[in-house]
Structure formats: structure tokens, C-alpha cells
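Written below as C-alpha cells is the structure these notes are about.
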Amino acid sequence: MEEDFKEQVKRALSEGIRFDGRKLLDFRKLEVETGIIETAEGSSRVKLGDTEILCGIKLEVGTPYPDTPSEGTISVNAELLPLSSPEFESGPPGEEATEVARVVDRGIREAKTLDFKKLCIEEGKKAWIVNIDLCTINNAGNLIDASGIAALAALKNARMPEFDGEKVDYKKKTNKKLPLTRLPLPCTVIKIGDKFLVDPSSEEETVTEARLTVAVTEKNTLCALQKGGDYPITEKDVSSMVDIAIETTGKLREMLKEKLKE
Amino acid sequence: MIHLSEEKRIDGRAADELRPITAKAGVVPRADGSAYFKIGKTEAYAAVYGPRNLFPRFLQDPEKGILRCRYNMMPFSGMGERVRPGGSRRSKEISMVTKKALLPVLDLQDFPNAVVDVFIELSQTDAGSRCAGICAAAIALADAGLSMKDLPVAVAVGKINDRIIADLNYDEEATEGEVADIPVTVLLRTGEITLLQMDGEVTKEQLMDALKMLKKVVPKIQKAQKDALKEKFKTFVENEEAR
């Protein structure tokens, strides 16, 4: 059954056709809303076709790590809620949720999106921890890219709560934004047969042979990589996939600029 | 007698005034039925999957289908600090009472060995979250096409000092003084109650007065639930006709 479906998908792809009528390198319609959750310090809702994700930022004051006493940090967590797909089950985060969270984390961390030094309150004692929580409402594929966009949008939307040196007052938000310096965006390129495509639907994900997620900064440098899928890829594939990711994130960034204007 | 003073509440509402409600059906395309229910700043999503096969098999009941409910707060949905994912004693208990609130309206005899899963997720909360979750779940069960004896309606009633009020918000729950919070689920057709809990202290008369006020406000909530379903199936019918 699955083999049949895969053959159908492959045959269609060889003619440049996807099941939902898109071209191979087309993203689905992207919708971004921010500031939608009042209990969070920053929030966003991202829809990519039928895929829908909520992202909320909660800030807390913690102790800096001993090896980086003058830095705050981020913590990314993805909840693939059983609400959002018949395949997701209740329980602690599985492999897929952990991968989504870690790839998003790496994209943000390695691009130095946040100035961790500016998150320090008192060296060695107090620093802000930026909790980035991603919750899926509907999984129709490409959770990694949707999550990366949602995380960025929510970080841009966040405002620091008041902190008197002892306690955080979550009821009082200040005008202070998070120290954002870069805007990395992930793009996951899928390989099925000898074709590459972006923004896979959940059906396309089931027949994916290999995938490569590339997080790209606004300078078109790469700040995170993750190869997935059961099939190997060649050096030539890597080159093509990175080209596609750079081009796609460029377009995404233009679209987002409009949507995230404040 | 219900003591209906003219005095406004913290957020300017009258004693029996509900917070604004938004309800939508069919918000999770992957689910068999789903809904969104927002009352004031409390916002719930619910999705229904099933009846579907239940594994491991020893959980199955050959006589009838079983209902499972999960109530969960998203990590950023609390008024204060981040809510740690993974559930708590509180969420376990709420999941259980939610199941018992919904079960009496379902007829699961036709689905032996199967399960109906109800997943409730709170994206933001300002008190009344279990009730909002149940209101959303009721819409989602109907949206999933399950036969139901009634559409359950849930809301909290309670009192602040000697005043009976409906649909308490967080600031009211946290008021200094004598506060009681009584979440209730009711089946309007028969007037039966399927969920009843209370935090606080009341006299028997106050409890009965609060339940009287409940009767008055629940039809408004059920109207929002029914309108959500009608709206979804209206667009569905229109789309079918357009073909």
C-alpha cells in the first residue's frame, strides 16, 4: 500500500506535480499572527497550509551556567500534542518532538540570534532564561520550518516582565524587547527519488527518502544543519539542497518582514 | 432569594453576566471532530479522535467503547510562571472529572473494543479552564458526528463574600475574603448535573442560589456552542452545493 503510494508520488513528481497542485519549490500559504496569548511574554500563531503551531515565550530568572557566568540562555521545547494528529500520543516528548525542538534551538543559538550576555542580570548569580514552547494545533507536515518561523515571530513579539531583583511580576510587562540581533530561518528540503521539494505535506513526509534542514541567516550563511530520512545523500545533493534552502529562506524572509512589522 | 446587587464586579460585569464567548467548530483538520472555545481570556482547544481501535488489547471492553479524556495546560498558558509540561495531579484530576462530565451523554454501546479520545488543550487561562475545556469538548464530540443525548454546558458559579456570581475570573478567585468557586456541568434537556466541584465555603442556601443562577446563564453558553456547529455545517453545505 505504502509502496504503491510512493510510486504514485514519484511518478507525479517526475512530471513536476504534487498532490496539492503545488510546484516542487512552492511553500504553502504562510500566515503569521503575533501577540495572541496574553499569559505569555511573547507569542505567535503560524499556519503553513493546514499546519498550525502556537509558540509562547515565558521568561524566568535563573542561575547562569558555571561555564558561562555572564550569560542568560534559551530553552526550546516542542509539544507534538495528541490533539493535533492521530499519530501523536500522550506522554513525554518522543524522538520527533525532541528533534523539532533541538533543530529550532540550534538555529537560534548558533546564529547568536539573542545576545546571551544582555540576558545576564548579575554575573554568576542571576540571568534571564528564555523558554520557547512550541505547541502543535494541527500537523499537516513540515513542523520544523513552521516551528522555526513561529519561534522567531514570538521572540520578536516578546516584552520583558518587571523584575525587582527578587521576583518577576508577570502581570507587569515592560516595553523592553529581547536583545535580538539576527533572524535565522530554517528550510527543510526533501528528497524523493531524484526530486527535491520544500514544505512537505504529511503525506509527502511518509514517502520521504532523505531530508536536509538548513537554517540560514540574513547574510545567507548557514547556522544549523540536520539530515533526516532513512536514505543517504550525496555531496551533489547537499549542494543542491543548500542552494534551494538559501533561495527559499530569502523569499520567506521577505514575506516575514512585512508580517512582523510592528 | 438570589441577592442581585447593582454593584459592578472587578471587571465591570453584573453578577450573572458571563464574559464574552467565542466558539468555533472544526479547527483541527486532522481530527475527527474539534472545537475552539474562548470565554474572557480563557481559551481552550478540543479534538476528538475515534471511535478508533484501542491498544493494548487488555484495555478494550467487549461490551462497549470507552472514553478517554486528557486536559492539559500549554506551558505558556498560566498567569504566572511557565507551567512545566508532563501533567500534574491537578491535570490528572481534571481529566478524570471531565470524562465523567461527558460520558453520560454518549452512547458507546455500538463501539465495542473501541476508544474515543478527547484531547483538551488550554492555550491561555484566566480561571474557569476546566469548564471552557468541557464546552469545547462537547462541540468537538458533536462535530465528530457521535450520537449524543445532549450538548453538555459547563461554567463556574460561586460567591464573593455574600454575593452570588457567575463565571468567576482569576482576580475574583484571588479576592481577599470569602470566595467560593463551583464549576458545574449541566445537561439542559433534563437539568441533570454531570460535574460538580467546589473550592471555598458556602451555606446550603448559597449553593442552591448559585445553582439557580447557573440555570439562568447556561442557555447563553449552549447557544454559542450550537451556533459554532451550525456555522461550520453551513459552510460545509454551501461548499457541497457549490460543487
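Letters A, B, ... mark the chains of the C-alpha cells in the order given; residue numbers begin at 1 per chain; ligand numbers begin at 1, in order shown.
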
Got a sec to pull out which chain B residues are within 9 Å of chain A, counting only C-alpha atoms, and send them as number ranges by chain? B: 27-31, 34, 41, 45-49, 70, 74-82, 85-86, 118-121, 123-126

At a cut-off of 12 Å, using only C-alpha atoms, what residues contact stretch 194-196 of chain A? Leave out same-chain residues fewer than 6 positions from it and give the result as a PDB file with C-alpha atoms, in the first residue's frame.
ATOM      1  CA  VAL A   9       4.019  10.268  -5.694  1.00  0.00           C
ATOM      2  CA  LYS A  10       7.284   9.607  -7.537  1.00  0.00           C
ATOM      3  CA  ARG A  11       5.593   9.354 -10.917  1.00  0.00           C
ATOM      4  CA  ALA A  12       3.727  12.591 -10.312  1.00  0.00           C
ATOM      5  CA  LEU A  13       6.899  14.320  -9.103  1.00  0.00           C
ATOM      6  CA  SER A  14       8.782  13.272 -12.237  1.00  0.00           C
ATOM      7  CA  GLU A  15       6.207  15.328 -14.115  1.00  0.00           C
ATOM      8  CA  GLY A  16       6.677  18.158 -11.615  1.00  0.00           C
ATOM      9  CA  ILE A  17       3.273  17.633  -9.970  1.00  0.00           C
ATOM     10  CA  ARG A  18       2.462  17.473  -6.258  1.00  0.00           C
ATOM     11  CA  LYS A  23       5.217  23.187  -7.818  1.00  0.00           C
ATOM     12  CA  LEU A  24       8.198  21.418  -6.238  1.00  0.00           C
ATOM     13  CA  LEU A  25       9.668  24.535  -4.658  1.00  0.00           C
ATOM     14  CA  ASP A  26       6.405  26.221  -3.610  1.00  0.00           C
ATOM     15  CA  THR A 188      13.677  21.702   5.121  1.00  0.00           C
ATOM     16  CA  GLU A 204       4.837  13.587   1.340  1.00  0.00           C
ATOM     17  CA  THR A 208      10.399  10.993   2.069  1.00  0.00           C
ATOM     18  CA  GLU A 209      13.700   9.261   1.376  1.00  0.00           C
ATOM     19  CA  ALA A 210      16.010  11.927   2.757  1.00  0.00           C
ATOM     20  CA  ARG A 211      15.687  15.429   4.082  1.00  0.00           C
ATOM     21  CA  LEU A 212      18.017  18.222   4.977  1.00  0.00           C
ATOM     22  CA  TYR A 231      18.348   7.205   2.703  1.00  0.00           C
ATOM     23  CA  ILE A 233      22.541  11.789   0.271  1.00  0.00           C
ATOM     24  CA  THR A 234      25.493  12.668  -1.979  1.00  0.00           C
ATOM     25  CA  LYS A 236      25.977  16.907  -5.016  1.00  0.00           C
ATOM     26  CA  ASP A 237      22.607  16.552  -3.232  1.00  0.00           C
ATOM     27  CA  VAL A 238      23.913  18.639  -0.334  1.00  0.00           C
ATOM     28  CA  SER A 239      24.966  21.365  -2.729  1.00  0.00           C
ATOM     29  CA  SER A 240      21.580  21.430  -4.476  1.00  0.00           C
ATOM     30  CA  MET A 241      19.621  21.265  -1.217  1.00  0.00           C
ATOM     31  CA  VAL A 242      21.575  24.129   0.357  1.00  0.00           C
ATOM     32  CA  ASP A 243      21.006  26.253  -2.763  1.00  0.00           C
ATOM     33  CA  ILE A 244      17.274  25.581  -2.531  1.00  0.00           C
ATOM     34  CA  ALA A 245      17.250  26.409   1.193  1.00  0.00           C
TER      35      ALA A 245
END

Strand (DSSP E) call set, DSSP backbone run, stretch 25-96 of chain A, as a ChimeraX atom specification: /A:30-34,42-48,51-62,73-79

Take the residues just selected and output them with C-alpha atoms as a PDB file, in the first residue's frame.
ATOM      1  CA  LEU A  30       2.001  31.257   5.278  1.00  0.00           C
ATOM      2  CA  GLU A  31       0.012  33.116   7.931  1.00  0.00           C
ATOM      3  CA  VAL A  32       1.645  34.657  10.992  1.00  0.00           C
ATOM      4  CA  GLU A  33      -0.083  36.351  13.913  1.00  0.00           C
ATOM      5  CA  THR A  34       1.724  37.645  16.995  1.00  0.00           C
ATOM      6  CA  GLY A  42       5.618  36.821  23.608  1.00  0.00           C
ATOM      7  CA  SER A  43       3.562  34.643  21.300  1.00  0.00           C
ATOM      8  CA  SER A  44       2.761  33.694  17.751  1.00  0.00           C
ATOM      9  CA  ARG A  45       0.468  31.551  15.671  1.00  0.00           C
ATOM     10  CA  VAL A  46       1.915  30.208  12.423  1.00  0.00           C
ATOM     11  CA  LYS A  47      -0.158  28.486   9.774  1.00  0.00           C
ATOM     12  CA  LEU A  48       1.528  26.787   6.853  1.00  0.00           C
ATOM     13  CA  THR A  51      -0.281  23.000   9.675  1.00  0.00           C
ATOM     14  CA  GLU A  52      -0.846  25.211  12.707  1.00  0.00           C
ATOM     15  CA  ILE A  53       1.533  25.916  15.585  1.00  0.00           C
ATOM     16  CA  LEU A  54       1.345  28.134  18.652  1.00  0.00           C
ATOM     17  CA  CYS A  55       4.543  29.465  20.178  1.00  0.00           C
ATOM     18  CA  GLY A  56       4.713  31.094  23.589  1.00  0.00           C
ATOM     19  CA  ILE A  57       7.686  32.726  25.301  1.00  0.00           C
ATOM     20  CA  LYS A  58       7.905  32.593  29.094  1.00  0.00           C
ATOM     21  CA  LEU A  59      10.768  34.379  30.802  1.00  0.00           C
ATOM     22  CA  GLU A  60      12.169  33.357  34.136  1.00  0.00           C
ATOM     23  CA  VAL A  61      15.173  34.334  36.208  1.00  0.00           C
ATOM     24  CA  GLY A  62      17.639  31.544  36.895  1.00  0.00           C
ATOM     25  CA  THR A  73      20.154  31.249  27.848  1.00  0.00           C
ATOM     26  CA  ILE A  74      17.275  29.831  25.857  1.00  0.00           C
ATOM     27  CA  SER A  75      15.352  26.608  26.238  1.00  0.00           C
ATOM     28  CA  VAL A  76      13.319  25.276  23.335  1.00  0.00           C
ATOM     29  CA  ASN A  77      10.605  22.690  23.874  1.00  0.00           C
ATOM     30  CA  ALA A  78       8.200  21.217  21.327  1.00  0.00           C
ATOM     31  CA  GLU A  79       4.958  19.554  22.322  1.00  0.00           C
TER      32      GLU A  79
END

Can you tell me which residues surround A:Leu152 at a distance of at most 9 Å, considering only C-alpha atoms, apart from same-chain residues fewer than 3 positions away, and format the answer as number ranges by chain? A: 44, 108, 147-149, 155-157, 183-185

Could you write out that same residue set with N, CA and C atoms as a PDB file, in the first residue's frame?
ATOM      1  N   SER A  44       3.070  33.662  19.175  1.00  0.00           N
ATOM      2  CA  SER A  44       2.761  33.694  17.751  1.00  0.00           C
ATOM      3  C   SER A  44       1.916  32.490  17.376  1.00  0.00           C
ATOM      4  N   ILE A 108      18.600  28.986  16.359  1.00  0.00           N
ATOM      5  CA  ILE A 108      18.585  30.241  17.106  1.00  0.00           C
ATOM      6  C   ILE A 108      19.903  30.465  17.843  1.00  0.00           C
ATOM      7  N   SER A 147       7.835  25.615  12.985  1.00  0.00           N
ATOM      8  CA  SER A 147       8.279  25.898  14.353  1.00  0.00           C
ATOM      9  C   SER A 147       9.358  26.974  14.377  1.00  0.00           C
ATOM     10  N   GLY A 148      10.286  26.893  13.422  1.00  0.00           N
ATOM     11  CA  GLY A 148      11.358  27.882  13.362  1.00  0.00           C
ATOM     12  C   GLY A 148      10.803  29.280  13.118  1.00  0.00           C
ATOM     13  N   ILE A 149       9.825  29.375  12.230  1.00  0.00           N
ATOM     14  CA  ILE A 149       9.204  30.671  11.941  1.00  0.00           C
ATOM     15  C   ILE A 149       8.430  31.159  13.164  1.00  0.00           C
ATOM     16  N   LEU A 155       9.669  35.465  19.507  1.00  0.00           N
ATOM     17  CA  LEU A 155      10.808  36.163  20.126  1.00  0.00           C
ATOM     18  C   LEU A 155      10.744  37.665  19.805  1.00  0.00           C
ATOM     19  N   LYS A 156      10.396  37.973  18.556  1.00  0.00           N
ATOM     20  CA  LYS A 156      10.299  39.383  18.157  1.00  0.00           C
ATOM     21  C   LYS A 156       9.175  40.085  18.902  1.00  0.00           C
ATOM     22  N   ASN A 157       8.131  39.339  19.212  1.00  0.00           N
ATOM     23  CA  ASN A 157       6.947  39.902  19.861  1.00  0.00           C
ATOM     24  C   ASN A 157       7.125  40.076  21.378  1.00  0.00           C
ATOM     25  N   LEU A 183      18.224  37.040  12.427  1.00  0.00           N
ATOM     26  CA  LEU A 183      16.952  36.388  12.119  1.00  0.00           C
ATOM     27  C   LEU A 183      17.162  35.128  11.264  1.00  0.00           C
ATOM     28  N   PRO A 184      17.591  34.026  11.895  1.00  0.00           N
ATOM     29  CA  PRO A 184      17.796  32.794  11.129  1.00  0.00           C
ATOM     30  C   PRO A 184      16.465  32.102  10.825  1.00  0.00           C
ATOM     31  N   LEU A 185      16.346  31.551   9.625  1.00  0.00           N
ATOM     32  CA  LEU A 185      15.129  30.826   9.255  1.00  0.00           C
ATOM     33  C   LEU A 185      15.494  29.435   8.755  1.00  0.00           C
TER      34      LEU A 185
END

Find the residue from B:Ala166, B:Ala25, B:Leu18, B:Ile94 that sits nearest to B:Lys226; use only C-alpha atoms when measuring. B:Ala25

Measure the distance from atom CA of B:Ser129 to atom CA of B:Gly200 in Å and round it to one decimal. 17.4 Å

Spatial neighbours of B:Asp150, 12 Å, only C-alpha atoms, chain gap at least 6 places, as a compact mmCIF listing (two decimals) with all heavy atoms, in the first residue's frame:
# COMPACT_ATOMS: atom_id res chain seq x y z
N ALA B 101 -17.95 14.04 33.23
CA ALA B 101 -18.91 15.07 32.84
C ALA B 101 -19.49 14.79 31.47
O ALA B 101 -20.64 15.11 31.18
CB ALA B 101 -18.24 16.45 32.86
N LEU B 102 -18.67 14.17 30.60
CA LEU B 102 -19.09 13.97 29.21
C LEU B 102 -19.75 12.60 28.97
O LEU B 102 -20.62 12.45 28.13
CB LEU B 102 -17.88 14.11 28.28
CG LEU B 102 -17.21 15.49 28.26
CD1 LEU B 102 -15.90 15.43 27.49
CD2 LEU B 102 -18.14 16.55 27.65
N LEU B 103 -19.29 11.61 29.73
CA LEU B 103 -19.71 10.22 29.49
C LEU B 103 -21.24 10.02 29.44
O LEU B 103 -21.73 9.31 28.56
CB LEU B 103 -19.06 9.31 30.54
CG LEU B 103 -19.03 7.83 30.23
CD1 LEU B 103 -18.33 7.55 28.90
CD2 LEU B 103 -18.33 7.07 31.36
N PRO B 104 -22.01 10.63 30.36
CA PRO B 104 -23.46 10.34 30.37
C PRO B 104 -24.21 10.70 29.08
O PRO B 104 -25.30 10.19 28.85
CB PRO B 104 -23.98 11.18 31.55
CG PRO B 104 -22.80 11.38 32.43
CD PRO B 104 -21.63 11.48 31.49
N VAL B 105 -23.65 11.58 28.24
CA VAL B 105 -24.38 11.94 27.02
C VAL B 105 -24.04 11.03 25.85
O VAL B 105 -24.68 11.08 24.81
CB VAL B 105 -24.14 13.41 26.59
CG1 VAL B 105 -24.55 14.37 27.70
CG2 VAL B 105 -22.71 13.65 26.15
N LEU B 106 -22.98 10.21 26.00
CA LEU B 106 -22.55 9.39 24.87
C LEU B 106 -23.18 8.00 24.94
O LEU B 106 -23.45 7.47 26.01
CB LEU B 106 -21.02 9.25 24.88
CG LEU B 106 -20.25 10.54 24.62
CD1 LEU B 106 -18.76 10.29 24.80
CD2 LEU B 106 -20.54 11.09 23.23
N ASP B 107 -23.37 7.43 23.75
CA ASP B 107 -23.86 6.08 23.67
C ASP B 107 -22.77 5.25 23.00
O ASP B 107 -22.63 5.28 21.78
CB ASP B 107 -25.15 6.05 22.86
CG ASP B 107 -25.74 4.66 22.80
OD1 ASP B 107 -25.21 3.77 23.51
OD2 ASP B 107 -26.69 4.45 22.05
N ALA B 138 -17.49 19.31 24.20
CA ALA B 138 -18.87 18.99 23.81
C ALA B 138 -19.09 19.32 22.33
O ALA B 138 -19.67 18.52 21.57
CB ALA B 138 -19.86 19.77 24.69
N ILE B 139 -18.60 20.48 21.91
CA ILE B 139 -18.74 20.87 20.49
C ILE B 139 -17.97 19.87 19.62
O ILE B 139 -18.45 19.43 18.58
CB ILE B 139 -18.20 22.30 20.24
CG1 ILE B 139 -18.88 23.31 21.16
CG2 ILE B 139 -18.41 22.70 18.77
CD1 ILE B 139 -18.25 24.71 21.11
N LEU B 141 -17.18 16.73 20.18
CA LEU B 141 -17.84 15.41 20.10
C LEU B 141 -18.99 15.46 19.09
O LEU B 141 -19.18 14.53 18.29
CB LEU B 141 -18.38 15.01 21.48
CG LEU B 141 -17.33 14.53 22.50
CD1 LEU B 141 -17.92 14.51 23.90
CD2 LEU B 141 -16.80 13.14 22.13
N ALA B 142 -19.75 16.55 19.12
CA ALA B 142 -20.85 16.69 18.16
C ALA B 142 -20.28 16.82 16.74
O ALA B 142 -20.79 16.22 15.79
CB ALA B 142 -21.70 17.91 18.51
N THR B 185 -21.15 21.16 35.39
CA THR B 185 -21.56 20.82 34.03
C THR B 185 -23.00 20.35 34.10
O THR B 185 -23.36 19.58 34.99
CB THR B 185 -20.68 19.70 33.44
OG1 THR B 185 -19.34 20.13 33.47
CG2 THR B 185 -21.08 19.37 32.01
N VAL B 186 -23.81 20.84 33.17
CA VAL B 186 -25.23 20.56 33.24
C VAL B 186 -25.74 20.10 31.88
O VAL B 186 -25.21 20.50 30.83
CB VAL B 186 -25.99 21.80 33.78
CG1 VAL B 186 -25.85 22.98 32.86
CG2 VAL B 186 -27.44 21.50 34.05
N LEU B 187 -26.72 19.18 31.92
CA LEU B 187 -27.40 18.75 30.70
C LEU B 187 -28.74 19.48 30.68
O LEU B 187 -29.60 19.24 31.52
CB LEU B 187 -27.60 17.23 30.70
CG LEU B 187 -26.36 16.40 31.04
CD1 LEU B 187 -26.70 14.90 30.99
CD2 LEU B 187 -25.21 16.72 30.11
N LEU B 188 -28.89 20.39 29.73
CA LEU B 188 -30.05 21.28 29.76
C LEU B 188 -31.37 20.56 29.55
O LEU B 188 -32.40 20.96 30.09
CB LEU B 188 -29.89 22.38 28.71
CG LEU B 188 -29.10 23.59 29.17
CD1 LEU B 188 -28.89 24.56 28.04
CD2 LEU B 188 -29.83 24.27 30.32
N ARG B 189 -31.34 19.49 28.74
CA ARG B 189 -32.57 18.76 28.44
C ARG B 189 -33.25 18.25 29.70
O ARG B 189 -34.46 18.34 29.84
CB ARG B 189 -32.19 17.57 27.56
CG ARG B 189 -33.04 17.37 26.36
CD ARG B 189 -32.40 16.24 25.55
NE ARG B 189 -31.67 16.78 24.43
CZ ARG B 189 -32.25 17.10 23.28
NH1 ARG B 189 -33.55 16.95 23.11
NH2 ARG B 189 -31.54 17.60 22.29
N THR B 190 -32.45 17.72 30.61
CA THR B 190 -33.02 17.09 31.81
C THR B 190 -32.73 17.88 33.07
O THR B 190 -33.28 17.60 34.12
CB THR B 190 -32.42 15.68 32.01
OG1 THR B 190 -30.99 15.84 32.11
CG2 THR B 190 -32.74 14.77 30.85
N GLY B 191 -31.83 18.84 32.98
CA GLY B 191 -31.43 19.58 34.17
C GLY B 191 -30.42 18.82 35.03
O GLY B 191 -30.02 19.29 36.10
N GLU B 192 -29.99 17.66 34.57
CA GLU B 192 -29.06 16.85 35.37
C GLU B 192 -27.66 17.47 35.39
O GLU B 192 -27.24 18.14 34.44
CB GLU B 192 -28.97 15.43 34.80
CG GLU B 192 -30.23 14.62 35.03
CD GLU B 192 -30.24 13.35 34.20
OE1 GLU B 192 -30.06 13.43 32.97
OE2 GLU B 192 -30.41 12.28 34.79
N ILE B 193 -26.96 17.17 36.47
CA ILE B 193 -25.61 17.70 36.67
C ILE B 193 -24.60 16.57 36.51
O ILE B 193 -24.77 15.50 37.12
CB ILE B 193 -25.51 18.34 38.07
CG1 ILE B 193 -26.33 19.64 38.09
CG2 ILE B 193 -24.07 18.59 38.47
CD1 ILE B 193 -26.57 20.19 39.47
N THR B 194 -23.56 16.78 35.69
CA THR B 194 -22.58 15.71 35.49
C THR B 194 -21.20 16.07 36.03
O THR B 194 -20.31 15.24 36.06
CB THR B 194 -22.44 15.34 33.99
OG1 THR B 194 -21.98 16.49 33.27
CG2 THR B 194 -23.76 14.88 33.41
N GLN B 222 -24.85 27.50 25.71
CA GLN B 222 -25.21 26.45 24.76
C GLN B 222 -25.54 27.04 23.39
O GLN B 222 -25.26 26.44 22.36
CB GLN B 222 -26.39 25.61 25.26
CG GLN B 222 -26.50 24.33 24.46
CD GLN B 222 -27.58 23.41 24.96
OE1 GLN B 222 -28.75 23.76 25.01
NE2 GLN B 222 -27.18 22.21 25.36
N GLN B 225 -22.38 27.39 21.60
CA GLN B 225 -21.90 26.07 21.15
C GLN B 225 -22.66 25.61 19.89
O GLN B 225 -22.06 25.16 18.92
CB GLN B 225 -22.10 25.02 22.25
CG GLN B 225 -21.19 25.22 23.46
CD GLN B 225 -21.57 24.27 24.58
OE1 GLN B 225 -22.68 24.34 25.12
NE2 GLN B 225 -20.66 23.38 24.95
N LYS B 226 -23.98 25.77 19.95
CA LYS B 226 -24.79 25.33 18.80
C LYS B 226 -24.51 26.19 17.58
O LYS B 226 -24.44 25.68 16.45
CB LYS B 226 -26.28 25.40 19.16
CG LYS B 226 -26.72 24.26 20.07
CD LYS B 226 -28.22 24.30 20.30
CE LYS B 226 -28.67 23.09 21.11
NZ LYS B 226 -30.07 23.25 21.59

For B:Lys99, list every protein, DNA or RNA residue within 8 Å, evaluated using only C-alpha atoms, and leave out those in the same chain fewer than 5 positions away; present the list as a ChimeraX atom specification. /B:67-69

Residue subset to file, keeping C-alpha atoms, as a PDB file, in the first residue's frame:
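Once everything was written out, this is part36.pdb:
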ATOM      1  CA  LEU B  67     -13.951   7.282  26.550  1.00  0.00           C
ATOM      2  CA  ARG B  68     -10.568   8.788  27.391  1.00  0.00           C
ATOM      3  CA  CYS B  69     -10.047  12.472  28.209  1.00  0.00           C
TER       4      CYS B  69
END

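The nearest approach to A:Thr217 among the residues A:Arg28, A:Arg109, A:Arg102, A:Lys126, with only C-alpha atoms taken into account, belongs to A:Arg109.
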
Would you give me, as a ChimeraX atom specification, the residues in stretch 18-230 of chain A that DSSP reads as alpha helix (DSSP H)? /A:95-110,143-157,202-206

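As for atom CA of B:Arg163 and atom CA of B:Arg19, they are spaced 17.6 Å apart.
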